[in-house]
>>> print(open('protein-v4.csv').read())   # CSV, C-alpha atoms
chain,number,residue,atom,x,y,z
U,1,MET,CA,32.2,-20.7,-24.5
U,2,ARG,CA,30.6,-17.2,-24.7
U,3,THR,CA,27.1,-18.3,-23.9
U,4,LEU,CA,27.8,-19.3,-20.3
U,5,PRO,CA,28.9,-15.8,-19.1
U,6,ALA,CA,25.9,-14.4,-21.0
U,7,ALA,CA,23.5,-16.8,-19.3
U,8,GLN,CA,25.0,-16.0,-16.0
U,9,ALA,CA,24.6,-12.3,-16.6
U,10,ILE,CA,21.0,-12.8,-17.6
U,11,ARG,CA,20.3,-14.8,-14.4
U,12,GLN,CA,22.0,-12.2,-12.3
U,13,ALA,CA,20.1,-9.4,-13.9
U,14,ALA,CA,16.9,-11.3,-13.4
U,15,ALA,CA,17.7,-12.0,-9.8
U,16,THR,CA,18.5,-8.3,-9.2
U,17,ALA,CA,15.4,-7.2,-10.9
U,18,GLY,CA,13.4,-9.7,-8.8
U,19,ARG,CA,14.9,-8.3,-5.6
U,20,LEU,CA,14.2,-4.7,-6.6
U,21,CYS,CA,10.6,-5.6,-7.6
U,22,GLY,CA,10.2,-7.4,-4.3
U,23,ARG,CA,11.4,-4.5,-2.3
U,24,TRP,CA,9.4,-2.0,-4.4
U,25,SER,CA,6.2,-4.1,-4.1
U,26,ARG,CA,6.4,-4.1,-0.3
U,27,GLU,CA,6.0,-0.3,-0.3
U,28,PRO,CA,2.4,0.8,0.3
U,29,ARG,CA,2.4,3.4,-2.4
U,30,ALA,CA,4.0,1.1,-4.9
U,31,LEU,CA,1.4,-1.6,-4.1
U,32,ASP,CA,-1.4,0.9,-4.7
U,33,VAL,CA,0.1,1.8,-8.1
U,34,LEU,CA,0.4,-1.9,-9.0
U,35,THR,CA,-3.2,-2.5,-7.9
U,36,ALA,CA,-4.5,0.4,-10.0
U,37,LEU,CA,-2.5,-0.8,-13.0
U,38,SER,CA,-3.8,-4.4,-12.5
U,39,ALA,CA,-7.4,-3.1,-12.3
U,40,PHE,CA,-6.9,-1.0,-15.4
U,41,ALA,CA,-5.5,-4.0,-17.3
U,42,LEU,CA,-8.5,-6.1,-16.4
U,43,MET,CA,-11.0,-3.4,-17.2
U,44,SER,CA,-9.3,-2.8,-20.5
U,45,LEU,CA,-10.5,-6.2,-21.6
U,46,ASP,CA,-14.0,-4.6,-21.9
U,47,VAL,CA,-12.9,-1.8,-24.2
U,48,PRO,CA,-14.3,-3.4,-27.4
U,49,GLY,CA,-17.6,-4.0,-25.7
U,50,LEU,CA,-17.7,-0.5,-24.3
U,51,ALA,CA,-17.1,1.0,-27.7
U,52,GLU,CA,-19.7,-1.2,-29.5
U,53,ALA,CA,-22.5,-2.2,-27.2
U,54,ASP,CA,-22.6,-0.7,-23.7
U,55,ASN,CA,-22.4,3.0,-24.6
U,56,SER,CA,-21.3,5.4,-27.3
U,57,LEU,CA,-17.6,5.7,-26.1
U,58,ASN,CA,-15.0,5.1,-28.8
U,59,GLY,CA,-11.8,3.1,-28.0
U,60,PRO,CA,-9.6,6.0,-26.8
U,61,LEU,CA,-12.3,7.6,-24.7
U,62,ALA,CA,-13.1,4.2,-23.2
U,63,VAL,CA,-9.4,3.8,-22.2
U,64,LEU,CA,-9.3,7.2,-20.6
U,65,ALA,CA,-12.5,6.6,-18.7
U,66,LEU,CA,-11.3,3.3,-17.4
U,67,ALA,CA,-7.9,4.8,-16.5
U,68,ALA,CA,-9.7,7.5,-14.5
U,69,GLY,CA,-11.7,4.9,-12.6
U,70,ALA,CA,-8.7,2.7,-11.9
U,71,SER,CA,-6.8,5.8,-10.5
U,72,SER,CA,-9.3,6.0,-7.7
U,73,LEU,CA,-7.5,2.9,-6.2
U,74,LEU,CA,-4.5,5.1,-5.4
U,75,VAL,CA,-6.4,6.4,-2.4
U,76,ARG,CA,-7.9,3.0,-1.4
U,77,ARG,CA,-6.0,3.0,1.9
U,78,ARG,CA,-7.0,6.5,3.1
U,79,ALA,CA,-10.4,6.7,1.5
U,80,PRO,CA,-11.8,3.3,0.5
U,81,TRP,CA,-15.3,4.6,0.5
U,82,LEU,CA,-14.4,7.1,-2.2
U,83,THR,CA,-13.1,4.2,-4.3
U,84,TYR,CA,-16.3,2.4,-3.6
U,85,ALA,CA,-18.4,5.4,-4.7
U,86,VAL,CA,-16.4,5.6,-7.9
U,87,ALA,CA,-17.0,1.9,-8.5
U,88,LEU,CA,-20.7,2.3,-8.1
U,89,PHE,CA,-20.7,5.2,-10.5
U,90,TYR,CA,-18.9,3.1,-13.1
U,91,LEU,CA,-21.3,0.2,-12.4
U,92,SER,CA,-24.2,2.5,-13.3
U,93,TRP,CA,-22.5,4.2,-16.3
U,94,LEU,CA,-20.4,1.4,-17.9
U,95,HIS,CA,-21.8,-1.6,-16.1
U,96,GLU,CA,-18.2,-2.3,-15.0
U,97,LEU,CA,-17.9,-5.0,-12.3
U,98,THR,CA,-14.1,-5.2,-12.1
U,99,LEU,CA,-13.5,-1.9,-10.3
U,100,ALA,CA,-16.3,-2.9,-7.8
U,101,GLN,CA,-14.3,-6.0,-6.9
U,102,PHE,CA,-11.2,-4.0,-6.1
U,103,ALA,CA,-13.3,-1.4,-4.2
U,104,LEU,CA,-15.0,-4.1,-2.0
U,105,TYR,CA,-11.7,-5.8,-1.3
U,106,SER,CA,-10.3,-2.4,-0.2
U,107,LEU,CA,-13.2,-1.8,2.1
U,108,GLY,CA,-12.8,-5.2,3.8
U,109,ARG,CA,-9.0,-4.8,4.0
U,110,TYR,CA,-8.7,-1.3,5.3
U,111,ARG,CA,-12.0,-0.8,7.2
U,112,GLY,CA,-12.7,-4.2,8.5
U,113,ARG,CA,-15.6,-6.7,8.6
U,114,LEU,CA,-18.5,-4.3,9.2
U,115,ALA,CA,-17.5,-2.0,6.4
U,116,GLY,CA,-17.0,-4.9,4.1
U,117,ALA,CA,-20.5,-6.3,4.9
U,118,LEU,CA,-22.1,-2.9,4.4
U,119,GLY,CA,-20.3,-2.5,1.1
U,120,VAL,CA,-21.5,-5.8,-0.2
U,121,ILE,CA,-25.1,-5.0,0.8
U,122,GLY,CA,-25.0,-1.6,-0.9
U,123,TYR,CA,-23.3,-3.0,-4.0
U,124,VAL,CA,-25.8,-5.9,-4.5
U,125,ALA,CA,-28.8,-3.5,-3.9
U,126,PHE,CA,-27.4,-0.9,-6.3
U,127,ALA,CA,-26.6,-3.6,-8.9
U,128,TYR,CA,-30.1,-5.0,-8.6
U,129,VAL,CA,-31.6,-1.6,-9.3
U,130,MET,CA,-29.4,-1.2,-12.3
U,131,PHE,CA,-30.4,-4.7,-13.5
U,132,ASN,CA,-34.1,-3.7,-13.5
U,133,LEU,CA,-33.4,-0.5,-15.5
U,134,PRO,CA,-33.2,-0.6,-19.3
U,135,GLY,CA,-29.8,-1.0,-20.8
U,136,TRP,CA,-28.4,-3.7,-18.5
U,137,PRO,CA,-26.1,-5.8,-20.8
U,138,VAL,CA,-26.9,-9.4,-21.4
U,139,HIS,CA,-23.4,-10.6,-20.7
U,140,ARG,CA,-23.8,-9.3,-17.1
U,141,GLY,CA,-26.8,-11.5,-16.6
U,142,ASP,CA,-29.9,-11.8,-18.7
U,143,THR,CA,-32.2,-13.3,-16.0
U,144,LEU,CA,-32.4,-12.8,-12.3
U,145,GLY,CA,-30.8,-16.2,-11.7
U,146,GLU,CA,-27.8,-15.4,-14.0
U,147,PHE,CA,-27.5,-11.9,-12.4
U,148,SER,CA,-27.5,-13.4,-8.9
U,149,SER,CA,-24.9,-16.1,-9.8
U,150,LEU,CA,-22.6,-13.5,-11.3
U,151,VAL,CA,-22.9,-10.2,-9.4
U,152,VAL,CA,-23.5,-11.5,-5.8
U,153,PRO,CA,-20.6,-14.0,-5.6
U,154,ILE,CA,-18.2,-11.3,-7.1
U,155,GLY,CA,-19.0,-8.9,-4.3
U,156,VAL,CA,-19.1,-11.4,-1.4
U,157,LEU,CA,-15.8,-13.0,-2.5
U,158,ALA,CA,-13.9,-9.7,-3.0
U,159,ALA,CA,-15.1,-8.3,0.4
U,160,GLY,CA,-14.4,-11.7,2.1
U,161,VAL,CA,-10.8,-11.8,0.9
U,162,GLY,CA,-10.3,-8.2,2.0
U,163,VAL,CA,-11.7,-9.0,5.5
U,164,ALA,CA,-9.4,-12.0,5.7
U,165,ALA,CA,-6.4,-9.8,4.7
U,166,ASN,CA,-7.5,-7.3,7.4
U,167,ARG,CA,-7.4,-10.0,10.0
U,168,GLN,CA,-3.9,-11.0,8.9
U,169,ASP,CA,-2.8,-7.3,9.1
U,170,LEU,CA,-4.1,-7.2,12.7
U,171,VAL,CA,-2.2,-10.4,13.6
U,172,ARG,CA,1.0,-9.1,12.1
U,173,ALA,CA,0.6,-5.7,13.9
U,174,LEU,CA,-0.1,-7.6,17.2
U,175,GLU,CA,3.0,-9.7,16.7
U,176,ALA,CA,5.1,-6.6,15.9
U,177,GLN,CA,3.8,-4.9,19.0
U,178,ARG,CA,4.5,-8.0,21.1
U,179,THR,CA,8.0,-8.2,19.7
U,180,GLU,CA,8.6,-4.5,20.5
U,181,THR,CA,7.2,-5.0,24.0
U,182,ASP,CA,9.5,-8.0,24.6
U,183,THR,CA,12.5,-6.0,23.4
U,184,LEU,CA,11.6,-3.2,25.8
U,185,HIS,CA,11.2,-5.7,28.6
U,186,ALA,CA,14.6,-7.2,27.8
U,187,VAL,CA,16.2,-3.8,27.9
U,188,GLN,CA,14.6,-3.1,31.2
U,189,ARG,CA,15.7,-6.4,32.7
U,190,GLU,CA,19.2,-5.8,31.5
U,191,ARG,CA,19.2,-2.3,33.0
U,192,THR,CA,18.0,-3.8,36.3
U,193,ARG,CA,20.9,-6.3,36.2
U,194,ILE,CA,23.4,-3.5,35.4
U,195,ALA,CA,22.0,-1.5,38.3
U,196,ARG,CA,22.4,-4.4,40.6
U,197,ASP,CA,25.9,-4.9,39.5
U,198,VAL,CA,26.7,-1.2,39.9
U,199,HIS,CA,25.2,-1.3,43.4
U,200,ASP,CA,27.2,-4.4,44.4
U,201,PHE,CA,30.5,-3.4,42.9
U,202,VAL,CA,30.5,0.3,43.7
U,203,GLY,CA,28.8,-0.2,47.1
U,204,ARG,CA,31.5,-2.6,48.1
U,205,GLU,CA,34.2,-0.1,47.2
U,206,LEU,CA,32.4,2.7,49.1
U,207,THR,CA,32.1,0.5,52.1
U,208,LEU,CA,35.8,-0.2,52.0
U,209,LEU,CA,36.5,3.5,51.6
U,210,SER,CA,34.4,4.3,54.6
U,211,VAL,CA,36.0,1.7,56.8
U,212,ARG,CA,39.5,2.7,55.7
U,213,SER,CA,38.7,6.3,56.4
U,214,GLN,CA,37.5,5.4,59.9
U,215,VAL,CA,40.7,3.5,60.6
U,216,LEU,CA,42.8,6.4,59.4
U,217,ALA,CA,40.8,8.8,61.5
U,218,ARG,CA,41.5,6.8,64.6
U,219,ARG,CA,45.2,6.7,63.7
U,220,ALA,CA,45.2,10.4,63.3
U,221,GLU,CA,43.2,11.1,66.5
U,222,GLY,CA,44.3,14.4,68.0
U,223,GLY,CA,46.2,15.3,64.8
U,224,PRO,CA,45.4,17.9,62.2
U,225,PHE,CA,43.8,15.4,59.7
U,226,GLU,CA,41.4,13.7,62.1
U,227,ASP,CA,38.4,15.8,61.0
U,228,ASP,CA,39.3,15.3,57.3
U,229,PHE,CA,39.3,11.5,57.6
U,230,GLU,CA,36.0,11.6,59.5
U,231,GLU,CA,34.5,13.8,56.8
U,232,LEU,CA,35.7,11.4,54.1
U,233,SER,CA,34.2,8.5,55.9
U,234,GLU,CA,30.8,10.2,56.3
U,235,THR,CA,30.9,11.2,52.6
U,236,ALA,CA,31.5,7.5,51.6
U,237,ARG,CA,28.6,6.4,53.8
U,238,SER,CA,26.3,9.2,52.4
U,239,ALA,CA,27.2,8.1,48.8
U,240,HIS,CA,26.4,4.5,49.7
U,241,ARG,CA,23.0,5.5,51.1
U,242,MET,CA,22.2,7.5,47.9
U,243,LEU,CA,23.2,4.5,45.8
U,244,ASN,CA,20.8,2.4,47.8
U,245,GLU,CA,18.0,4.9,47.3
U,246,ILE,CA,18.6,5.3,43.6
U,247,ILE,CA,18.7,1.6,42.8
U,248,VAL,CA,15.5,0.5,44.6
U,249,GLN,CA,14.5,-2.3,42.2
U,250,ARG,CA,17.7,-4.2,42.3
U,251,GLY,CA,16.4,-7.0,44.6
U,252,THR,CA,18.1,-8.3,47.7
U,253,ASP,CA,18.7,-11.9,46.6
U,254,GLY,CA,20.6,-11.4,43.4
U,255,ALA,CA,24.3,-12.0,43.3
U,256,PRO,CA,26.5,-9.7,41.0
U,257,THR,CA,27.3,-11.0,37.5
U,258,PRO,CA,30.5,-13.0,37.5
U,259,GLY,CA,33.6,-11.8,35.7
U,260,LEU,CA,36.3,-13.3,33.5
U,261,ALA,CA,37.2,-15.9,36.1
U,262,ALA,CA,33.9,-17.7,35.5
U,263,LEU,CA,34.4,-18.0,31.7
U,264,PRO,CA,36.2,-21.4,31.8
U,265,GLU,CA,33.2,-22.8,33.7
U,266,LEU,CA,30.8,-21.5,31.1
U,267,ALA,CA,33.0,-23.1,28.3
U,268,GLU,CA,33.1,-26.4,30.2
U,269,ARG,CA,29.3,-26.5,30.7
U,270,SER,CA,28.8,-25.7,27.0
U,271,GLY,CA,31.2,-28.5,26.0
U,272,ARG,CA,29.3,-31.0,28.2
U,273,ALA,CA,26.1,-29.9,26.5
U,274,GLY,CA,27.5,-30.7,23.0
U,275,SER,CA,28.9,-27.4,21.9
U,276,PRO,CA,32.7,-27.3,22.4
U,277,VAL,CA,34.2,-23.9,23.1
U,278,ASP,CA,37.6,-22.6,21.9
U,279,LEU,CA,38.2,-20.0,24.6
U,280,LEU,CA,41.1,-17.5,24.5
U,281,VAL,CA,41.3,-14.6,27.1
U,282,ASP,CA,44.0,-12.1,27.1
U,283,GLY,CA,45.7,-12.3,30.5
U,284,ALA,CA,45.7,-8.5,30.9
U,285,ALA,CA,41.9,-8.5,30.6
U,286,HIS,CA,41.6,-9.9,34.2
U,287,ARG,CA,42.7,-6.4,35.4
U,288,LEU,CA,39.5,-4.9,34.0
U,289,SER,CA,37.0,-3.2,36.3
U,290,PRO,CA,34.3,-5.6,37.7
U,291,LEU,CA,31.6,-3.9,35.6
U,292,ARG,CA,33.5,-4.5,32.4
U,293,GLN,CA,34.2,-8.0,33.3
U,294,ALA,CA,30.5,-8.5,34.0
U,295,ALA,CA,29.8,-7.2,30.5
U,296,VAL,CA,32.2,-9.7,29.0
U,297,HIS,CA,30.6,-12.5,31.0
U,298,ARG,CA,27.1,-11.5,30.0
U,299,VAL,CA,28.0,-11.4,26.3
U,300,VAL,CA,29.8,-14.7,26.3
U,301,GLN,CA,27.1,-16.4,28.3
U,302,GLU,CA,24.3,-15.3,25.9
U,303,CYS,CA,26.4,-16.2,22.9
U,304,LEU,CA,27.0,-19.7,24.1
U,305,THR,CA,23.3,-20.1,24.8
U,306,ASN,CA,22.3,-18.9,21.4
U,307,ALA,CA,24.9,-21.1,19.7
U,308,ALA,CA,23.5,-24.2,21.6
U,309,LYS,CA,20.0,-23.3,20.4
U,310,HIS,CA,20.7,-22.4,16.7
U,311,ALA,CA,23.9,-24.3,15.9
U,312,PRO,CA,24.0,-27.3,18.2
U,313,GLY,CA,27.2,-29.3,18.0
U,314,GLU,CA,29.2,-26.6,16.3
U,315,GLU,CA,32.4,-25.3,17.9
U,316,VAL,CA,32.2,-21.8,19.3
U,317,SER,CA,35.2,-19.5,19.2
U,318,VAL,CA,35.5,-17.0,22.0
U,319,ARG,CA,38.2,-14.3,21.9
U,320,VAL,CA,38.7,-11.6,24.6
U,321,ALA,CA,41.6,-9.3,23.8
U,322,LEU,CA,43.0,-5.9,24.8
U,323,LYS,CA,44.3,-3.8,22.0
U,324,ASN,CA,45.5,-0.2,22.3
U,325,GLY,CA,43.3,0.5,25.3
U,326,ARG,CA,40.2,-1.1,23.8
U,327,LEU,CA,38.6,-4.4,24.9
U,328,GLU,CA,37.4,-6.6,22.0
U,329,ILE,CA,35.0,-9.5,22.5
U,330,THR,CA,34.5,-11.7,19.4
U,331,VAL,CA,32.3,-14.8,19.5
U,332,THR,CA,31.8,-16.8,16.3
U,333,ASN,CA,30.3,-20.2,15.4
U,334,PRO,CA,29.6,-21.9,12.0
U,335,LEU,CA,26.1,-21.4,10.6
U,336,PRO,CA,24.2,-24.7,10.6
U,337,THR,CA,24.2,-26.5,7.2
U,338,THR,CA,20.8,-28.1,7.8
U,339,ALA,CA,17.7,-26.7,9.3
U,340,PRO,CA,16.8,-28.0,12.8
U,341,SER,CA,14.0,-30.6,13.0
U,342,SER,CA,12.2,-28.3,15.3
U,343,ALA,CA,12.4,-24.5,15.9
U,344,PRO,CA,14.5,-23.6,19.0
U,345,VAL,CA,12.6,-22.1,21.9
U,346,SER,CA,13.7,-18.5,22.0
U,347,ALA,CA,12.2,-15.2,23.0
U,348,GLY,CA,14.5,-13.3,20.6
U,349,THR,CA,15.6,-10.8,23.2
U,350,GLY,CA,19.0,-12.1,24.1
U,351,THR,CA,20.8,-10.0,21.5
U,352,THR,CA,19.0,-6.9,22.8
U,353,GLY,CA,20.2,-7.6,26.3
U,354,MET,CA,23.8,-8.1,25.2
U,355,ALA,CA,23.7,-4.8,23.3
U,356,GLU,CA,22.2,-2.9,26.2
U,357,ARG,CA,24.9,-4.3,28.5
U,358,ILE,CA,27.7,-3.2,26.2
U,359,ARG,CA,26.3,0.2,25.4
U,360,ALA,CA,25.8,0.8,29.1
U,361,VAL,CA,29.5,1.0,29.5
U,362,GLY,CA,30.0,3.1,26.4
U,363,GLY,CA,30.8,0.3,23.9
U,364,THR,CA,29.7,-0.8,20.5
U,365,PHE,CA,27.9,-4.0,19.6
U,366,THR,CA,27.2,-5.9,16.3
U,367,ALA,CA,25.8,-9.3,15.6
U,368,GLY,CA,24.9,-11.1,12.4
U,369,PRO,CA,26.0,-13.7,9.8
U,370,LYS,CA,29.2,-13.3,7.9
U,371,ALA,CA,29.8,-15.7,5.0
U,372,THR,CA,29.5,-19.2,6.7
U,373,THR,CA,29.7,-18.0,10.3
U,374,TYR,CA,27.7,-16.0,12.8
U,375,GLU,CA,29.7,-13.4,14.5
U,376,VAL,CA,29.0,-11.3,17.6
U,377,LYS,CA,31.5,-8.5,18.2
U,378,ALA,CA,31.6,-6.0,21.1
U,379,THR,CA,34.2,-3.3,21.6
U,380,LEU,CA,34.5,-1.0,24.6
U,381,SER,CA,37.1,1.1,26.4
U,382,ALA,CA,39.3,-0.9,28.7
U,383,GLY,CA,39.2,1.9,31.3
U,384,GLU,CA,41.7,1.9,34.2
U,385,LEU,CA,43.3,-1.5,34.8
U,386,SER,CA,43.7,-2.6,38.4
>>> encode(input="protein-v4.csv", output="structure tokens")
Amino acid sequence: MRTLPAAQAIRQAAATAGRLCGRWSREPRALDVLTALSAFALMSLDVPGLAEADNSLNGPLAVLALAAGASSLLVRRRAPWLTYAVALFYLSWLHELTLAQFALYSLGRYRGRLAGALGVIGYVAFAYVMFNLPGWPVHRGDTLGEFSSLVVPIGVLAAGVGVAANRQDLVRALEAQRTETDTLHAVQRERTRIARDVHDFVGRELTLLSVRSQVLARRAEGGPFEDDFEELSETARSAHRMLNEIIVQRGTDGAPTPGLAALPELAERSGRAGSPVDLLVDGAAHRLSPLRQAAVHRVVQECLTNAAKHAPGEEVSVRVALKNGRLEITVTNPLPTTAPSSAPVSAGTGTTGMAERIRAVGGTFTAGPKATTYEVKATLSAGELS
């Protein structure tokens, strides 16, 4: 009975250690330390030979010398040519090939194909000179054929793997840059939509204010307030003109984003597409300003689209509630239990757009998995209700 908790504790400790090691190994400096330790461990296999045949070093001195050489790998990212020079020195002094492999890999990885090729050429030429000098160990190649079959493949393979890793680094960097660019474009598109909505909603109110002021000015004609109403009407028209000048990229064919009244239609379309929606909207929320209603519509629309892509067939819960002067939007759906047969087509920028829309009206936004569900939650001030 006591072994089960102990086994579970061991498994949990191993899993925790694995996660810590995984995070630690992803750090560049930590990877450099691991690489140096790995090189030292492999080079240490030659300690008996170094102490007996290759030179006059005893065991402790050989360990110190190899540790010093392996430590050059700590600067392999910033100065791979320095590591390469140290490797050639150890090749001439101790006939050590292991450090040369790590150095050539570092050249290809952090300086690219040309540096890797030049490093291999220099390494092979230097090793060939050392091969023709007295003292080259037999186990490193007694004849030219043995030397070529051992030394040359080591250098070519190490540099080739480094160059391949360099290409992967470039691909990952390009993908990260593309993702960042897509995110920026999504933010810009959402800001353009917000600007269009601001123009349409606020412009409509300014137009009504101007017309109403003109009506009041005519009613007050000849009275003491006629000029005041005329000035108010002109101010409203001037504000509308400035709004048009500021929002110059809004487009002329876009309609404003719908409000809460359009949510039932969204839910119905989602249900017809196979993702039923449990929609509950606080009645008082319909008195929100048009901009806040547009923010709610935008969030719900994007959430339903994402649910249809990533959790098709699952019911989506949509809650829009007013609590203590705050508007809360909560959309949840169960996480899929099985992976889809094909990856959904997604640009990955919908969440960015939702967040930008909510933050534009001073709200907060969170999205992510919670236990067995995926939850999107937005909170913002309700403002003045109409």
>>> closest_residue(input="protein-v4.csv", among="U:Ala355, U:Ser289, U:Ala62, U:Lys377", to="U:Ser317", atoms="only C-alpha atoms")
U:Lys377
>>> atom_distance(input="protein-v4.csv", atom1="atom CA of U:Arg319", atom2="atom CA of U:Leu304")
12.6 Å
>>> closest_residue(input="protein-v4.csv", among="U:Gly222, U:Ala273, U:Thr235, U:Asp197", to="U:Ala295", atoms="all atoms listed in the file")
U:Asp197
>>> atom_distance(input="protein-v4.csv", atom1="atom CA of U:Gly69", atom2="atom CA of U:Trp81")
13.6 Å
>>> closest_residue(input="protein-v4.csv", among="U:Phe131, U:Arg237, U:Pro60, U:Gly119", to="U:Val211", atoms="all atoms listed in the file")
U:Arg237
>>> residues_around(input="protein-v4.csv", residues="stretch 359-362 of chain U", least_positions_apart="5", cutoff="12 Å", atoms="all atoms listed in the file", output="JSON, numbers by chain")
{"U": [187, 190, 191, 192, 193, 194, 195, 197, 198, 289, 290, 291, 292, 293, 294, 295, 296, 299, 326, 327, 352, 353, 354, 378, 379, 380, 381, 382, 383]}
>>> atom_distance(input="protein-v4.csv", atom1="atom CA of U:Thr372", atom2="atom CA of U:Thr330")
15.6 Å
>>> closest_residue(input="protein-v4.csv", among="U:Ala125, U:Pro137, U:Asn166, U:Gly155", to="U:Tyr110", atoms="only C-alpha atoms")
U:Asn166
>>> residues_near_point(input="protein-v4.csv", point="(45.8, -4.0, 32.6)", cutoff="12 Å", atoms="all atoms listed in the file", output="list in words")
Asp282, Gly283, Ala284, Ala285, His286, Arg287, Leu288, Ser289, Ala321, Leu322, Lys323, Asn324, Gly325, Arg326, Leu327, Ser381, Ala382, Gly383, Glu384, Leu385 and Ser386 of chain U
>>> closest_residue(input="protein-v4.csv", among="U:Val86, U:Ala100, U:Ala79, U:Val152", to="U:Met43", atoms="all atoms listed in the file")
U:Ala100
>>> residues_near_point(input="protein-v4.csv", point="(-22.7, -2.9, -18.9)", cutoff="7 Å", atoms="only C-alpha atoms", output="list of chain:residue names")
U:Asp54, U:Leu94, U:His95, U:Glu96, U:Trp136, U:Pro137, U:Arg140
>>> residues_around(input="protein-v4.csv", residues="U:Glu315", least_positions_apart="5", cutoff="9 Å", atoms="only C-alpha atoms", output="MDAnalysis selection string")
chainID U and resid 271 274:278 307 332:334
